[in-house]
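> Sharing a structure with you now.
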Amino acid sequence: MQRIFVSDEKNRAFLEDVFDGVTENAKKKLLLFDEIDSTNDEAKKLFEKKISSLHNTMLVSFSQTKGRGRLGRVFVSPFAKGLYFSFIMEKKYFESDVLTALVAVATSRALESTYKIETNIKWVNDIFFKGKKISGILCEALTDADGNCSRFICGVGINILPYDFSEELRGHVGSVFQNEKADFRDARFSDLISRLYENLLRIQNNGEKKSAIAEYKAKSFLLGKKIFVHPIIGKDESYEARVVAIDDEAHLIVQPENGGTRKLFSGEVSIGSYAL
Ligand code: BTN
């Protein structure tokens, strides 16, 4: 079965090298691309083609021309500066909120062990390093003709090497390496892919959920903070609130200034006025 897809032959050797370095276990489920529109969209196409055994397939690209973030935003995905991937998972035990949180834990664990760094998580889907977002997650449901969700696509973008982000993003978005001299060898893509794959299998283990959510809470830097909530659904205005807890389903529990308690299922929260 073809595992490597190049749009430009000059990238083949690079991709083959990365593929060779990945663990045998991960190799069985890995598809590597040098460039693609969006790995989430490609995963959807595979699902629509009814390709069998998609469960645990990992589509990794080294650049995306139409990388998508949450809320219709663009996810900037320049060649070999980061890793952009989608992992297809059968819908078994998880709802999408908790799934996003578990994927964040799997990703943060892989980043910490590959690069020996410490990361934090901003509810619900962002991974931060040294105060800047280095990774975002977009989990989407795949539905069959009857509208039933049978699988999830977990799309993750990780900024690894420094890149000249637009002025708007520069203050908020960062990368694992800040040194301009860091190159693809420092990125250790094969190692990262192998660890991500193993961690994404692990979080599907039902017995793992409790400790993963505990880790999610421990890494969450919004707890106790005053934040702005920008509701996405409905006509509610933005409001200020204090974060009092994250529950076991990864919902954010906040106390708005005007009293009461609210449970946030999804949505956008920010500490300052800038919502990433
Ligand atoms: C966010 O921060 O808003 C989520 C970003 C998710 C980006 C990843 S990159 C791989 C996958 N393919 C996409 O088009 N988006 C996700």
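By order in the structure tokens, chains are A, B, ...; within a chain, residues start at 1; ligands start at 1, following the order shown.
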Which range 50-165 of chain A residues have any atom within 12 Å of an atom of range 222-240 of chain A, and for each, what is the nearest pair of atoms with distance in Å to one decimal, counting only C-alpha atoms, rows sorted by chain and number, as CSV?

residue,atom,partner,partner_atom,distance
A:Arg70,CA,A:Ile232,CA,11.1
A:Leu71,CA,A:Ile232,CA,8.6
A:Gly72,CA,A:Ile232,CA,11.9
A:Asn120,CA,A:Leu222,CA,9.7
A:Ile121,CA,A:Leu222,CA,8.4
A:Lys122,CA,A:Leu222,CA,6.4
A:Trp123,CA,A:Leu222,CA,7.2
A:Val124,CA,A:Leu222,CA,10.0
A:Asp126,CA,A:Leu222,CA,11.5
A:Phe128,CA,A:Leu222,CA,11.7
> Assign secondary structure with DSSP using the backbone only, and return the residues of range 112-248 of chain A in alpha helix (DSSP H) as a VMD selection string.
chain A and resid 112 to 115 167 to 170 184 to 187 189 to 202 209 to 219
> Write out as a ChimeraX atom specification the residues lying within 6 Å of range 188-191 of chain A, counting only C-alpha atoms and excluding same-chain residues fewer than 5 positions away.
/A:18,21-22
> Would you list the contacts of Asn11 in chain A as a PyMOL selection string, taking every protein, DNA or RNA residue within 10 Å and counting only C-alpha atoms, but skipping same-chain residues closer than 5 positions in sequence?
chain A and resi 5-6+16+33-35+62
> For the selection just defined, write its residues with N, CA and C atoms to a file, as a PDB file, in the first residue's frame.

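Result file follows (out_15.pdb):
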ATOM      1  N   PHE A   5       3.230  10.261  -0.262  1.00  0.00           N
ATOM      2  CA  PHE A   5       2.626  10.982  -1.386  1.00  0.00           C
ATOM      3  C   PHE A   5       3.340  12.318  -1.538  1.00  0.00           C
ATOM      4  N   VAL A   6       4.029  12.490  -2.670  1.00  0.00           N
ATOM      5  CA  VAL A   6       4.729  13.767  -2.847  1.00  0.00           C
ATOM      6  C   VAL A   6       4.145  14.561  -4.012  1.00  0.00           C
ATOM      7  N   GLU A  16      10.858   9.901   2.878  1.00  0.00           N
ATOM      8  CA  GLU A  16      11.265   8.504   3.085  1.00  0.00           C
ATOM      9  C   GLU A  16      12.095   8.368   4.359  1.00  0.00           C
ATOM     10  N   PHE A  33       2.512  13.007   3.607  1.00  0.00           N
ATOM     11  CA  PHE A  33       2.375  13.912   2.464  1.00  0.00           C
ATOM     12  C   PHE A  33       3.381  15.048   2.606  1.00  0.00           C
ATOM     13  N   ASP A  34       3.901  15.535   1.480  1.00  0.00           N
ATOM     14  CA  ASP A  34       4.749  16.733   1.599  1.00  0.00           C
ATOM     15  C   ASP A  34       3.860  17.981   1.640  1.00  0.00           C
ATOM     16  N   GLU A  35       2.779  17.956   0.861  1.00  0.00           N
ATOM     17  CA  GLU A  35       1.846  19.103   0.838  1.00  0.00           C
ATOM     18  C   GLU A  35       0.439  18.579   0.573  1.00  0.00           C
ATOM     19  N   PHE A  62       3.552  17.799   5.740  1.00  0.00           N
ATOM     20  CA  PHE A  62       4.573  18.765   6.154  1.00  0.00           C
ATOM     21  C   PHE A  62       4.237  20.183   5.726  1.00  0.00           C
TER      22      PHE A  62
END
> Please give me, as JSON, numbers by chain, the residues lying within 10 Å of ligand 1 when counting only C-alpha atoms and all ligand atoms.
{"A": [36, 37, 38, 39, 40, 41, 42, 43, 59, 60, 61, 62, 63, 64, 65, 66, 67, 68, 69, 70, 71, 72, 73, 74, 75, 76, 77, 82, 83, 84, 85, 86, 87, 124, 125, 126, 127, 133, 134, 135, 136, 137, 138, 139, 140, 153, 154, 155, 156, 157, 158, 159, 276]}
> Okay, now the selection with N, CA and C atoms, as a short mmCIF file (atom, residue, chain, number, x, y, z; two decimals), in the first residue's frame?

data_model
loop_
_atom_site.label_atom_id
_atom_site.label_comp_id
_atom_site.auth_asym_id
_atom_site.auth_seq_id
_atom_site.Cartn_x
_atom_site.Cartn_y
_atom_site.Cartn_z
N ILE A 36 -0.51 19.18 1.20
CA ILE A 36 -1.91 18.77 1.03
C ILE A 36 -2.77 20.00 1.32
N ASP A 37 -4.03 19.98 0.90
CA ASP A 37 -4.87 21.14 1.26
C ASP A 37 -5.07 21.18 2.78
N SER A 38 -5.69 20.11 3.31
CA SER A 38 -5.88 20.03 4.75
C SER A 38 -5.95 18.54 5.10
N THR A 39 -5.22 18.12 6.11
CA THR A 39 -5.25 16.69 6.46
C THR A 39 -6.65 16.29 6.94
N ASN A 40 -7.37 17.21 7.59
CA ASN A 40 -8.75 16.88 8.01
C ASN A 40 -9.63 16.64 6.78
N ASP A 41 -9.45 17.47 5.74
CA ASP A 41 -10.27 17.30 4.54
C ASP A 41 -9.90 16.00 3.82
N GLU A 42 -8.60 15.67 3.81
CA GLU A 42 -8.17 14.43 3.17
C GLU A 42 -8.75 13.22 3.93
N ALA A 43 -8.76 13.31 5.25
CA ALA A 43 -9.33 12.22 6.06
C ALA A 43 -10.82 12.05 5.72
N LEU A 59 -2.78 10.66 9.21
CA LEU A 59 -2.35 11.35 7.99
C LEU A 59 -1.49 12.53 8.40
N VAL A 60 -0.24 12.51 7.99
CA VAL A 60 0.67 13.59 8.38
C VAL A 60 1.11 14.34 7.14
N SER A 61 1.03 15.67 7.20
CA SER A 61 1.57 16.45 6.09
C SER A 61 2.61 17.44 6.61
N PHE A 62 3.55 17.80 5.74
CA PHE A 62 4.57 18.76 6.15
C PHE A 62 4.24 20.18 5.73
N SER A 63 3.13 20.31 4.98
CA SER A 63 2.59 21.66 4.76
C SER A 63 1.14 21.51 4.33
N GLN A 64 0.37 22.57 4.54
CA GLN A 64 -1.04 22.57 4.12
C GLN A 64 -1.32 23.88 3.40
N THR A 65 -2.06 23.77 2.29
CA THR A 65 -2.40 25.00 1.57
C THR A 65 -3.72 25.59 2.08
N LYS A 66 -4.52 24.74 2.74
CA LYS A 66 -5.80 25.24 3.30
C LYS A 66 -5.99 24.72 4.72
N GLY A 67 -4.95 24.86 5.53
CA GLY A 67 -5.03 24.40 6.92
C GLY A 67 -6.15 25.15 7.63
N ARG A 68 -7.01 24.40 8.31
CA ARG A 68 -8.16 25.03 8.97
C ARG A 68 -8.02 25.00 10.48
N GLY A 69 -8.37 26.12 11.10
CA GLY A 69 -8.43 26.18 12.56
C GLY A 69 -9.88 26.18 12.98
N ARG A 70 -10.14 26.34 14.27
CA ARG A 70 -11.52 26.41 14.73
C ARG A 70 -12.13 27.72 14.29
N LEU A 71 -13.46 27.75 14.26
CA LEU A 71 -14.24 28.95 13.95
C LEU A 71 -13.86 29.55 12.60
N GLY A 72 -13.55 28.69 11.65
CA GLY A 72 -13.28 29.15 10.29
C GLY A 72 -11.95 29.87 10.11
N ARG A 73 -11.09 29.78 11.12
CA ARG A 73 -9.79 30.46 10.97
C ARG A 73 -8.84 29.63 10.12
N VAL A 74 -7.79 30.33 9.65
CA VAL A 74 -6.75 29.65 8.86
C VAL A 74 -5.70 29.13 9.85
N PHE A 75 -5.19 27.92 9.61
CA PHE A 75 -4.05 27.46 10.41
C PHE A 75 -2.83 27.50 9.50
N VAL A 76 -1.94 28.45 9.76
CA VAL A 76 -0.76 28.65 8.91
C VAL A 76 0.13 27.41 9.03
N SER A 77 0.45 26.79 7.87
CA SER A 77 1.14 25.49 7.89
C SER A 77 2.30 25.44 6.90
N GLY A 82 6.59 22.60 10.82
CA GLY A 82 5.77 22.00 11.86
C GLY A 82 5.23 20.67 11.37
N LEU A 83 4.34 20.11 12.16
CA LEU A 83 3.72 18.84 11.80
C LEU A 83 2.21 19.07 11.82
N TYR A 84 1.56 18.67 10.74
CA TYR A 84 0.12 18.90 10.61
C TYR A 84 -0.50 17.52 10.37
N PHE A 85 -1.32 17.07 11.27
CA PHE A 85 -1.81 15.70 11.09
C PHE A 85 -3.27 15.53 11.51
N SER A 86 -3.86 14.46 10.99
CA SER A 86 -5.21 14.07 11.40
C SER A 86 -5.18 12.61 11.78
N PHE A 87 -5.84 12.32 12.86
CA PHE A 87 -5.90 10.95 13.37
C PHE A 87 -7.36 10.52 13.37
N VAL A 124 -10.06 24.99 25.22
CA VAL A 124 -10.16 23.56 25.34
C VAL A 124 -9.13 22.87 24.47
N ASN A 125 -8.56 23.60 23.53
CA ASN A 125 -7.80 22.88 22.50
C ASN A 125 -6.42 23.45 22.16
N ASP A 126 -5.89 24.32 23.00
CA ASP A 126 -4.60 24.93 22.64
C ASP A 126 -3.48 24.50 23.57
N ILE A 127 -2.33 24.23 22.99
CA ILE A 127 -1.15 23.90 23.80
C ILE A 127 -0.19 25.08 23.75
N LYS A 133 1.00 30.08 22.02
CA LYS A 133 0.35 28.89 21.49
C LYS A 133 1.28 28.21 20.47
N ILE A 134 1.56 26.92 20.70
CA ILE A 134 2.39 26.20 19.72
C ILE A 134 1.60 25.10 19.01
N SER A 135 0.40 24.84 19.51
CA SER A 135 -0.37 23.76 18.88
C SER A 135 -1.87 23.99 19.07
N GLY A 136 -2.63 23.65 18.04
CA GLY A 136 -4.09 23.75 18.12
C GLY A 136 -4.72 22.46 17.63
N ILE A 137 -5.93 22.21 18.09
CA ILE A 137 -6.60 20.94 17.78
C ILE A 137 -7.99 21.22 17.23
N LEU A 138 -8.33 20.53 16.16
CA LEU A 138 -9.66 20.66 15.56
C LEU A 138 -10.24 19.26 15.37
N CYS A 139 -11.11 18.85 16.31
CA CYS A 139 -11.75 17.52 16.20
C CYS A 139 -13.08 17.68 15.47
N GLU A 140 -13.29 16.86 14.48
CA GLU A 140 -14.53 16.94 13.71
C GLU A 140 -15.17 15.56 13.62
N ILE A 153 -12.39 12.80 13.42
CA ILE A 153 -11.07 13.16 12.90
C ILE A 153 -10.48 14.12 13.92
N CYS A 154 -9.32 13.79 14.43
CA CYS A 154 -8.65 14.69 15.36
C CYS A 154 -7.51 15.35 14.59
N GLY A 155 -7.69 16.60 14.27
CA GLY A 155 -6.67 17.34 13.50
C GLY A 155 -5.81 18.16 14.45
N VAL A 156 -4.51 17.99 14.32
CA VAL A 156 -3.60 18.71 15.22
C VAL A 156 -2.51 19.40 14.40
N GLY A 157 -2.29 20.65 14.70
CA GLY A 157 -1.20 21.39 14.07
C GLY A 157 -0.19 21.78 15.13
N ILE A 158 1.09 21.51 14.86
CA ILE A 158 2.13 21.83 15.85
C ILE A 158 3.20 22.69 15.17
N ASN A 159 3.49 23.85 15.76
CA ASN A 159 4.57 24.70 15.23
C ASN A 159 5.85 24.27 15.92
N LEU A 276 -7.49 33.47 20.37
CA LEU A 276 -6.73 32.75 19.32
C LEU A 276 -7.58 31.70 18.63
#
> Which residue gives the smallest distance to His172 in chain A among A:Ser270, A:Leu111, A:Lys263, A:Gly147, with only C-alpha atoms counted?
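For His172 in chain A, the nearest of the given residues is A:Ser270.
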> Report as JSON, numbers by chain: the residues of range 63-240 of chain A with a DSSP assignment of strand (DSSP E), based on the backbone of this structure.
{"A": [82, 83, 84, 85, 86, 87, 88, 89, 90, 120, 121, 122, 126, 127, 128, 129, 132, 133, 134, 135, 136, 137, 138, 139, 140, 141, 142, 143, 149, 150, 151, 152, 153, 154, 155, 156, 157, 158, 159, 226, 227, 228, 229, 230, 239, 240]}
> Restricting the calculation to only C-alpha atoms, which member of A:Ser194, A:Ser211, A:Thr114, A:Gln178 is positioned closest to Leu30 in chain A?
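Counting only C-alpha atoms, the residue closest to Leu30 in chain A is A:Ser194.
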> List the neighbours of Lys209 in chain A out to 12 Å using only C-alpha atoms; skip same-chain residues closer than 4 positions along the sequence, and give me the result as a list in words.
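In the requested format, the answer is Tyr93, Phe94, Val98, Leu99, Ala101, Leu102, Val103, Val105, Ala106, Leu200, Leu201, Arg202, Ile203, Gln204, Asn205, Ile213, Ala214, Glu215, Tyr216, Asp248, Glu249 and Ala250 of chain A.
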